[in-house]
Amino acid sequence: MVSTRSISVTPGSLTYSDLPWIIEHREDRCTLCGRCTSVCPKEAIHLSHMRQRVPKLDVFSKKRGSDYRNFTGIRQRTTMANSCIGCGMCSMVCPNDAIVAVPGTNENRTLFFENQKGEPNKRGGRRNEQGATLLDRIMFNRISMLTDPALDAGRHEFSITTTLGRVLSPEDYLDHKINGGWIPPTREIFPFVIGSMSFGALSPNMWLGLLQGVAYCNEVLGIPVVMCTGEGGCPPWVLRSPYLKYIILQIASGYFGWDEIIRAIPEMQCDPAAIEIKYGQGAKPGDGGLLMWYKVSKLIARLRGVPEGVDLPSPPVHQTLYSIEESVMKMIQTLSTAFNHKVPVYPKISASTSAKSVLNNLVRNPYAAGLMVDGIDGGTGAAYNVSLDATGHPVASCIRECYLDLAAQGMQNEIPIFAAGGIGKNGNVAQNGMALIMLGASGVHIGKYIMQATAGCLGNEKNRCNVCNVGICPKGITSQNPKLYRRLDPDLVAERVADTFMSIKTEVKKIMAPLGRSQSLPIGMSDALGIADKDAAERLEIKYVC
Amino acid sequence: MCRLALKTANETFSPYEVLTAMEAMKEGYDGSGLGLLLRGIEFEDFKYNPRFPILSGIAHTEKAWQHLTSYMEDRGYELKYDHRYHMGPNLIKAEDRFRYFLRAYRMPERFRDKGAEEREEEMMKTRLALRKIGEVHNDLTIFSFWPDVVMIKEVGWPMQVGDALCLHDGQIKSRVCMAQGRQNTNYGINLYACHPFFIQGIATMTNGENTAFVPIKEWLLGKKFPGYVGYHSDSEVFAHILHYTLKQLKLPLEAYKHVITPLSTTELEKHPQGDFLKGLRDVCRRLIIDGPNAVIGTLPDETCLLVMDQKKLRPAIVGGHEGTWAIASEICGVDAMIPDRDPTLDFQPMREHTVIVPPDRKELTIWSQHDPFPLPQAA
């Protein structure tokens, strides 16, 4: 039957209340300056002509009627391509508090239409799951009381660095020292590492701001923060600068950016902090990196050695991956050799029930400098929504299992385990990180938190913004469009990096002091942890408290 | 907190002297227990050959006592001397004390020509096997099995325990005596939790709590060394770390301080052997202690040592004169043990110090962590 066209409603038609975010606009405050419409990354709002009836009452002639007024106001678009993402840029730029985006309280019908042209929803951000995470619920409860009074976080000396790199057993160390054997390189770093966010995913200004901040933390504040590049190389000038020592270079299955790195090796002034080989990522386990065409600018294309404006999906596995022994062992060894065995090389994998087998393989590889495990709550610049939301493994139990496995072999000091994925998701970055450290991690990587804390990333677990993948980041953090990223002042980002790490350092001391710990990072100090959840306590082998 | 006292002298003395020092420091502990370790033993009624290992412990029942004697016979040990304490009446609160024993044995024939390492391993294994037997019915407690070492642990006030076992009457004398005046109350009350802790001739006692106990314990357990067991007390790891440093890594005594409280990176950068020590700190990172501690230890050659935690949060003082030295938590403790010394020469170690009383007892060695490390390979 031919459908009637008298009502302009199609299967895909939506109205405001169907959208996840609804624009509330106050016409009485609007001065039509146009700032909101021009800043909106989705063109979700537009100036529109509207007509209003004005009642007309002529008292003397006792006549009633209507007058009409035409005016220009703001309207929200209801198409999928232009649905509001709730970033709130409109409110931020409005000089008159005339506009705000509020979360729609109705069912979110856009969820059924996130497949336009047969393409499933892709986005940036994290798993959209709200509420306190397991890490948020862990308490530090072995408080030093009268037997060993608590320390003073403000006045006592604290040693809060961790070791990145393979550590020999004491017996082997002495043997190698006496007989001239190889002693694997290690780095003494701050246990909160800026996690891998690539030069393609982040804008040049964001990258510069982070690097400036990291250099300031190291050189002025004495906090040895390091940051990881993610896949996609590193700006050539950084490779040849003394700042390279603060950088962990990542190699992943696309090998993007490594031509530049290899060419720069002879000209490097110092060694990089480490090399991270990415085999998996918590946000999209079993899937390769993804840089969508929107973000492949001229600069990025040059750095990665690809044409401009093409999608850059990395394969899910490294091309040489036939078996863990061959690929992982050889790749680690090759990269270690490339840097003269003076740089720690470690793999990054997604948290998974199979993480322990990877770990046990690394234990037997003398070149493996550690293991980084990224949990399901990890962030990403671009991934399929289904991977983000549903694929993966929480990080806490995975880290705990790996640690206990190492402890059973007496190897827990030899291969440091780093954890990532959802640390600071609800702002409790130091608490989350220290909980993981006491469960057995040697340190943690934080990416999304850093974007939120240092550059004001607007993304959240209500799917706010989360458009990092398409290069329209309204803050200019994850865009390659100069019109957008020049909004971000690198100096201000650097200042926030310093603020953030100073504050984490103080909070770490505030956690350690009551536990009576100051001499070394309390890695594996599980006797200090408690949780009011019997199942979690049993699984993590920590105390159940209530 | 608890109080510690140690006396070492060229001439043997009664352990009661050290108990008087404990009495002088009585305000500092709760009378929940006493631990004593004696070295350089002299029995009043037996000419003791210091090659014979002495088994120290408590049999809580007659059955356990029979178990013990027959086990030792079966293992091939020949009893040379069985010490009987002159027991004071009703001074021990605990009721299940069938017999406090000190028994000197001759090693089994098969060890006659064996090297020191094998004999030491055998003695430790024997001690652990007996301890295991005792744990089945909780009726046998074994403190030590080592030549020239006697250990006593009991619940109660030190003086009271001393009176109960008539330690004042000169039946046992020694050249070294260490005493600690409190049960480990951080964890459960247990005779094994009482200091000093002993492993293969090495003994330590500590005050204060080691907050890094659990990760250190897990690491030591992972070493799968048969003697690294127990851990009824957080302080037991101090003895095991000392054992690991000296016996497993074969490092000199001075390395102990670098293992438990390493210097910071900035300090190590100025250190003549900073590179070696930074590496040592990394590989022994899991053995870094934490919390307020003063650690007093003794070695088989009668060397005594005292080290502080990195912040020096617990008191300890050493004083004496050639031939006789005392270490105690408080000055009044040293006064009680060596009243005739020059107190102006007393020394309170700081965070970087290791005080060593060498076996000749001529003078103290005060070694600072900032000093070069006495190890040829490290240079």
# chains A, B, ... in the order shown; residues from 1 in each chain; ligands from 1
$ closest_atom_pairs --of "chain A" --to "chain B" --cutoff "7 Å" --atoms "only C-alpha atoms" --output "JSON lines"
{"residue": "A:Thr147", "atom": "CA", "partner": "B:Met1", "partner_atom": "CA", "distance": 6.1}
{"residue": "A:Asp148", "atom": "CA", "partner": "B:Glu209", "partner_atom": "CA", "distance": 5.7}
{"residue": "A:Val167", "atom": "CA", "partner": "B:Val283", "partner_atom": "CA", "distance": 5.9}
{"residue": "A:Leu168", "atom": "CA", "partner": "B:Val283", "partner_atom": "CA", "distance": 6.0}
{"residue": "A:Ser169", "atom": "CA", "partner": "B:Val283", "partner_atom": "CA", "distance": 5.9}
{"residue": "A:Pro170", "atom": "CA", "partner": "B:Val283", "partner_atom": "CA", "distance": 5.2}
{"residue": "A:Glu171", "atom": "CA", "partner": "B:Leu249", "partner_atom": "CA", "distance": 6.1}
{"residue": "A:Ile178", "atom": "CA", "partner": "B:Gln377", "partner_atom": "CA", "distance": 5.9}
{"residue": "A:Ala407", "atom": "CA", "partner": "B:Gly222", "partner_atom": "CA", "distance": 6.0}
{"residue": "A:Ala408", "atom": "CA", "partner": "B:Gly222", "partner_atom": "CA", "distance": 5.5}
{"residue": "A:Gln409", "atom": "CA", "partner": "B:Gly222", "partner_atom": "CA", "distance": 5.6}
{"residue": "A:Gly410", "atom": "CA", "partner": "B:Gly222", "partner_atom": "CA", "distance": 3.8}
{"residue": "A:Asn413", "atom": "CA", "partner": "B:Arg286", "partner_atom": "CA", "distance": 6.5}
{"residue": "A:Gly516", "atom": "CA", "partner": "B:Gly291", "partner_atom": "CA", "distance": 5.6}
{"residue": "A:Arg517", "atom": "CA", "partner": "B:Asp290", "partner_atom": "CA", "distance": 5.8}
{"residue": "A:Ser518", "atom": "CA", "partner": "B:Asp290", "partner_atom": "CA", "distance": 6.7}
{"residue": "A:Gln519", "atom": "CA", "partner": "B:Asp290", "partner_atom": "CA", "distance": 5.8}
{"residue": "A:Ser520", "atom": "CA", "partner": "B:Ile288", "partner_atom": "CA", "distance": 6.8}
{"residue": "A:Gly524", "atom": "CA", "partner": "B:Pro215", "partner_atom": "CA", "distance": 5.7}
{"residue": "A:Met525", "atom": "CA", "partner": "B:Pro215", "partner_atom": "CA", "distance": 5.6}
{"residue": "A:Asp527", "atom": "CA", "partner": "B:Val214", "partner_atom": "CA", "distance": 6.7}
$ write_last_selection --atoms "C-alpha atoms" --output "PDB file, in the first residue's frame"
ATOM      1  CA  THR A 147      51.199   0.182  67.642  1.00  0.00           C
ATOM      2  CA  ASP A 148      52.832   2.155  64.875  1.00  0.00           C
ATOM      3  CA  VAL A 167      64.250  -6.597  37.382  1.00  0.00           C
ATOM      4  CA  LEU A 168      66.573  -9.514  37.934  1.00  0.00           C
ATOM      5  CA  SER A 169      66.352 -11.737  40.953  1.00  0.00           C
ATOM      6  CA  PRO A 170      68.853 -10.595  43.608  1.00  0.00           C
ATOM      7  CA  GLU A 171      70.923 -13.730  42.963  1.00  0.00           C
ATOM      8  CA  ILE A 178      80.370  -9.931  39.226  1.00  0.00           C
ATOM      9  CA  ALA A 407      53.880 -14.113  43.774  1.00  0.00           C
ATOM     10  CA  ALA A 408      53.424 -17.888  43.756  1.00  0.00           C
ATOM     11  CA  GLN A 409      56.506 -18.094  41.573  1.00  0.00           C
ATOM     12  CA  GLY A 410      58.408 -15.536  43.661  1.00  0.00           C
ATOM     13  CA  ASN A 413      59.426  -8.010  41.805  1.00  0.00           C
ATOM     14  CA  GLY A 516      52.282   3.604  57.921  1.00  0.00           C
ATOM     15  CA  ARG A 517      53.917   3.274  54.511  1.00  0.00           C
ATOM     16  CA  SER A 518      56.446   5.725  53.187  1.00  0.00           C
ATOM     17  CA  GLN A 519      59.595   3.846  52.197  1.00  0.00           C
ATOM     18  CA  SER A 520      58.294   2.145  49.119  1.00  0.00           C
ATOM     19  CA  GLY A 524      50.629  -5.865  46.737  1.00  0.00           C
ATOM     20  CA  MET A 525      49.791  -4.585  50.237  1.00  0.00           C
ATOM     21  CA  ASP A 527      46.129  -6.490  53.832  1.00  0.00           C
TER      22      ASP A 527
END
$ residues_around --residues "Lys356 in chain A" --least-positions-apart "4" --cutoff "12 Å" --atoms "only C-alpha atoms" --output "list in words"
Ile349, Ser350, Ala351, Ser352, Asn360, Asn361, Leu362, Val363, Leu371, Met372, Val373, Ser397, Cys398, Ile399, Arg400, Glu401, Cys402, Tyr403, Leu404, Asp405, Leu406 and Ile417 of chain A
$ residues_around --residues "Gly125 in chain A" --least-positions-apart "6" --cutoff "10 Å" --atoms "only C-alpha atoms" --output "short mmCIF file (atom, residue, chain, number, x, y, z; two decimals) with C-alpha atoms, in the first residue's frame"
data_model
loop_
_atom_site.label_atom_id
_atom_site.label_comp_id
_atom_site.auth_asym_id
_atom_site.auth_seq_id
_atom_site.Cartn_x
_atom_site.Cartn_y
_atom_site.Cartn_z
CA ALA A 283 38.24 -0.37 25.20
CA ASP A 377 36.69 0.66 31.31
CA GLY A 378 39.58 2.03 29.29
CA GLY A 379 39.00 4.91 26.93
CA THR A 380 39.64 5.27 23.24
CA GLY A 381 39.58 7.85 20.51
CA ALA A 382 37.53 5.67 18.21
CA ALA A 383 35.87 2.29 18.50
CA ASN A 385 30.15 1.16 20.48
CA LEU A 388 33.34 -0.28 24.07
CA LYS A 448 40.79 9.75 29.79
CA CYS A 457 37.39 16.97 27.98
CA LEU A 458 33.62 16.96 28.18
CA GLY A 459 33.04 13.25 27.64
CA ASN A 460 31.35 11.25 30.34
CA GLU A 461 29.60 7.98 31.00
CA ASN A 463 27.61 9.44 26.46
CA ARG A 464 28.11 13.16 26.65
CA CYS A 465 30.17 14.39 23.71
CA ASN A 466 32.25 11.25 22.96
CA VAL A 467 32.85 12.38 19.38
CA CYS A 468 36.63 12.11 19.51
CA ASN A 469 36.50 9.78 16.53
#
$ residues_around --residues "Thr454 in chain A" --least-positions-apart "6" --cutoff "6 Å" --atoms "only C-alpha atoms" --output "PyMOL selection string"
chain A and resi 493+496-497
$ select_by_dssp --residues "range 199-301 of chain A" --states "strand (DSSP E or B)" --output "ChimeraX atom specification"
/A:227-228,247-251,274-278,290-291
$ select_by_dssp --residues "range 91-293 of chain A" --states "helix (DSSP H, G or I)" --output "ChimeraX atom specification"
/A:91-93,109-113,116-118,134-137,170-179,204-221,236-239,242-246,258-267,293
$ closest_residue --among "A:Ala494, A:Ala536, A:Ile160, A:Leu134" --to "Ile523 in chain A" --atoms "only C-alpha atoms"
A:Ile160
